[in-house]
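Enquirer: I have a structure I would like to understand better, so I am pasting it below and will then ask my questions one at a time.
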Amino acid sequence: MRMMKFAVLFLLCLPVSLLAQPDDVLIRIGSHQVSKAEFERIYTKNNRNLMDESGIKSPSEYLDMYTGFKLKVIEALRLKMDTAGTFITELAGYRRELAAPYLTDMQYDEAMVRELYDRMTKEVSASHILFRVNPAAGKEHELEVLKKAQQVRQEILDGKDFSQAALQYSEDPSARSNKGSLGYFTAFQMVTPFENSAFSTGVGEISQPVRTSFGYHLIKVHDLRQNRGEVKVAHIMKIFPRDEPYDKNELKAEIDSVYRLLLKGADFALMAASFSDDKRSAAEKGEMPWFSASQMIPEFSEPAFLLKNPGDISPPIETQYGYHIIKKIDQRPVPSFDESRARIEAQIKKDPDRSSSTRKVFVEKLQKEYGFKKAEDNISSIGSLQVATEINPSTALFSLGSKTFSAGDFKTYLRQHQLTDGTFSDHLESWIENEIIRYEDSRLEEKHPDFRYLMQEYHDGLLFFNIMEEKIWKPAAEDSTGLAGFYGRNSQKFLWQERFRGILVTCKNEEACQEAEKYFNANLTPAEVEDLLKADGHVVDIREGAWEQGDNPVVDYYAWGSPEPAGFNPALTLLRGDKIPPEPKKLDEAKGLYISAYQEYLEQQWLKELRKKYKIKVNKKILKSVPHV
């Protein structure tokens, strides 16, 4: 949700306001100054590498957009929107996200990145047995669970079938149905300790007990194969109803009938729209999102990956959910190492189990950079004491850069993290690491100009979003009276093109179409026709609507004489209705468009007020010196 807010910024990402010299000030807005360097940086950034070069602005064109953005941010500052608790909290959240890459050492983890990419190119098939550990229980409970896992492992090594052991011992509820089988998976699809063990255990072998946040696992590896990448398919589905009786043979007959029509050349998209029970994909020509073999049940994924060429169609296949006909659209391999690097690094950074080693090396690097030095004698004097012991808070424990960290700082850390057991030495290293990371975090803006610029972008972008929400977007969406008035003054703004209004009927066979035409000729309503045809056992799809040219290839063929759609059978289709001339869209037919237009109108009126409110002065000589992208 956070990142989505900045899609509304029209690529106006603003860097920190640099201290402009008087002869370098490009624009003054009230008491605010913008330097040439600031403007040139953001102008260049947002006009380079545009997919459509026609969108490139000249410096003077861009300055007008920039000034409008800046006016809104300055007005938000005047209203003290930057002091609101929600703003401060949200900006702090952004900062944590943006700071993460600066608080690790990715160079150290090059080997880890390459190892994870190697895993991404493979898929492992495994089963597991889970022995849960109660997080609230003590060490003795965990040792008992570990001992049980070791005993069960020995039973399996002595000859007990793994799947039977999973049924008997596993505390994973799904084991009752899958006997512990997890199918195929690849990197990042299991928790890290589980993944590490699965990829390091040989095919046919049983792992030692593996501790994860769920408990202890025994893992048996069945197979290791190359990852075949991802496939994109479309499907036509007849669903097995869950909560009502149904005739499986009837559903099989229906899917077989559709398959025969497809073999004769029927258009897959039209057949999906007419006959598939998966309405979400049916609305998209039957198309499903890209998936890998490990992301889909094998009964579906295996036939999908066996299709060789785009356009190939599978015979009906059965899964636990119903019958499917699968059409291959495209296939792509696992992305290259260079293409995958950013994703792998992001996964390492956000996963404590993977990033802990990286953090340790990074801390050691910072210790050298900032001249870290322990007060060994003071640390030695308190190390063996229990954390509840009172100690002199001013006692120095270590120094970093120009800052000294004391026993009082250590005590504060212990209280904040509710660490009440053990000795001071038990928690010393974690505290030192925490303080070193915090110290580095506090210096990011000073140390990394790019980070400083990025933080200012988010600061201004968030203010822009908040004031637009308050002044324009929310009022326009809620002001029904104002919207109605705007529509009354602009009712010709959005028009329907010439349309065909009527009924489109798609039938499973010619008999159904003949029956439908007979009923419509008797002036029955579409609902009555549909009920009568279904009562006679006919499968039909009846749609009422108004279509512009290009909305539907069948309507285009009948109404505008467009080319006949591929695989189209006129004997199975019936169209009734008439063309209607262009006409204005009613408010409820184009409400989203009119709300957007109303928002734009309100924004322009508001900008006129802001331009009057704040004196704007542009140094045209400096503007001319900004090079055109």
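Chain labels A, B, ... are given in the sequence in which chains occur in the structure tokens; within each chain residues are numbered consecutively from 1, and ligands are likewise numbered from 1 in the order shown.
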Residues near Lys308 of chain A, anyone? I mean within 12 Å using only C-alpha atoms, not counting same-chain ones fewer than 2 positions away, as a ChimeraX atom specification.

Expert: /A:231,233,302-306,310-314,327-331

Enquirer: Write the selection just made, keeping N, CA, C and O atoms, as a compact mmCIF listing (two decimals), in the first residue's frame?

Expert:
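Listing of part.txt after writing:
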# COMPACT_ATOMS: atom_id res chain seq x y z
N VAL A 231 5.12 -21.26 -16.85
CA VAL A 231 4.29 -21.43 -18.03
C VAL A 231 3.05 -20.56 -17.88
O VAL A 231 2.57 -20.32 -16.76
N VAL A 233 -0.85 -20.36 -19.26
CA VAL A 233 -1.86 -21.14 -19.96
C VAL A 233 -3.23 -20.47 -19.81
O VAL A 233 -3.43 -19.59 -18.98
N GLU A 302 1.62 -30.63 -14.37
CA GLU A 302 2.34 -31.56 -15.23
C GLU A 302 1.77 -31.57 -16.65
O GLU A 302 2.52 -31.46 -17.62
N PRO A 303 0.45 -31.71 -16.85
CA PRO A 303 -0.08 -31.62 -18.22
C PRO A 303 0.22 -30.27 -18.88
O PRO A 303 0.47 -30.20 -20.09
N ALA A 304 0.22 -29.19 -18.06
CA ALA A 304 0.50 -27.87 -18.62
C ALA A 304 1.93 -27.81 -19.16
O ALA A 304 2.17 -27.29 -20.25
N PHE A 305 2.88 -28.33 -18.40
CA PHE A 305 4.28 -28.27 -18.82
C PHE A 305 4.59 -29.28 -19.93
O PHE A 305 5.58 -29.13 -20.64
N LEU A 306 3.75 -30.30 -20.10
CA LEU A 306 3.97 -31.27 -21.17
C LEU A 306 3.56 -30.73 -22.54
O LEU A 306 3.99 -31.25 -23.56
N PRO A 310 3.13 -23.17 -28.10
CA PRO A 310 2.02 -22.24 -27.86
C PRO A 310 0.85 -22.57 -28.79
O PRO A 310 1.04 -22.79 -29.99
N GLY A 311 -0.33 -22.62 -28.22
CA GLY A 311 -1.52 -22.97 -28.98
C GLY A 311 -1.93 -24.42 -28.81
O GLY A 311 -3.09 -24.78 -29.12
N ASP A 312 -1.00 -25.29 -28.34
CA ASP A 312 -1.36 -26.69 -28.11
C ASP A 312 -2.41 -26.79 -27.00
O ASP A 312 -2.39 -26.02 -26.03
N ILE A 313 -3.32 -27.74 -27.16
CA ILE A 313 -4.43 -27.91 -26.22
C ILE A 313 -4.40 -29.34 -25.67
O ILE A 313 -4.23 -30.31 -26.42
N SER A 314 -4.58 -29.47 -24.36
CA SER A 314 -4.60 -30.79 -23.73
C SER A 314 -5.98 -31.40 -23.86
O SER A 314 -6.98 -30.68 -23.95
N LYS A 327 -4.78 -24.82 -22.50
CA LYS A 327 -4.14 -24.32 -23.73
C LYS A 327 -2.85 -23.61 -23.36
O LYS A 327 -2.85 -22.72 -22.51
N LYS A 328 -1.77 -24.01 -24.00
CA LYS A 328 -0.49 -23.36 -23.72
C LYS A 328 -0.41 -22.03 -24.46
O LYS A 328 -0.70 -21.95 -25.65
N ILE A 329 -0.02 -20.97 -23.72
CA ILE A 329 0.15 -19.65 -24.32
C ILE A 329 1.62 -19.32 -24.49
O ILE A 329 2.07 -18.91 -25.55
N ASP A 330 2.40 -19.54 -23.44
CA ASP A 330 3.83 -19.20 -23.51
C ASP A 330 4.56 -19.90 -22.37
O ASP A 330 3.93 -20.41 -21.43
N GLN A 331 5.87 -19.93 -22.47
CA GLN A 331 6.71 -20.50 -21.41
C GLN A 331 7.99 -19.69 -21.34
O GLN A 331 8.48 -19.19 -22.35

Enquirer: Set the distance at 12 Å and use only C-alpha atoms: which residues neighbour Leu63 of chain A once local chain neighbours fewer than 3 positions away are removed? I'd like the list as a PyMOL selection string.

Expert: chain A and resi 12+26-27+34+36+38-40+42-44+57-60+66-71+616-620+623-624+626

Enquirer: From the list A:Leu607, A:Val334, A:Val539, A:Val152, which residue is nearest Thr186 of chain A when using only C-alpha atoms?

Expert: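 Of the candidates, the smallest distance to Thr186 of chain A is held by A:Val334.
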
Enquirer: Measuring atom to atom with only C-alpha atoms, identify which of A:Leu574, A:Ile432, A:Ala149, A:Leu251 is nearest to Tyr558 of chain A.

Expert: A:Leu574

Enquirer: Which distance in Å separates atom CA of Tyr62 of chain A and atom CA of Gln605 of chain A, to one decimal?

Expert: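 Taking atom CA of Tyr62 of chain A as the start and atom CA of Gln605 of chain A as the end point, the length is 20.0 Å.
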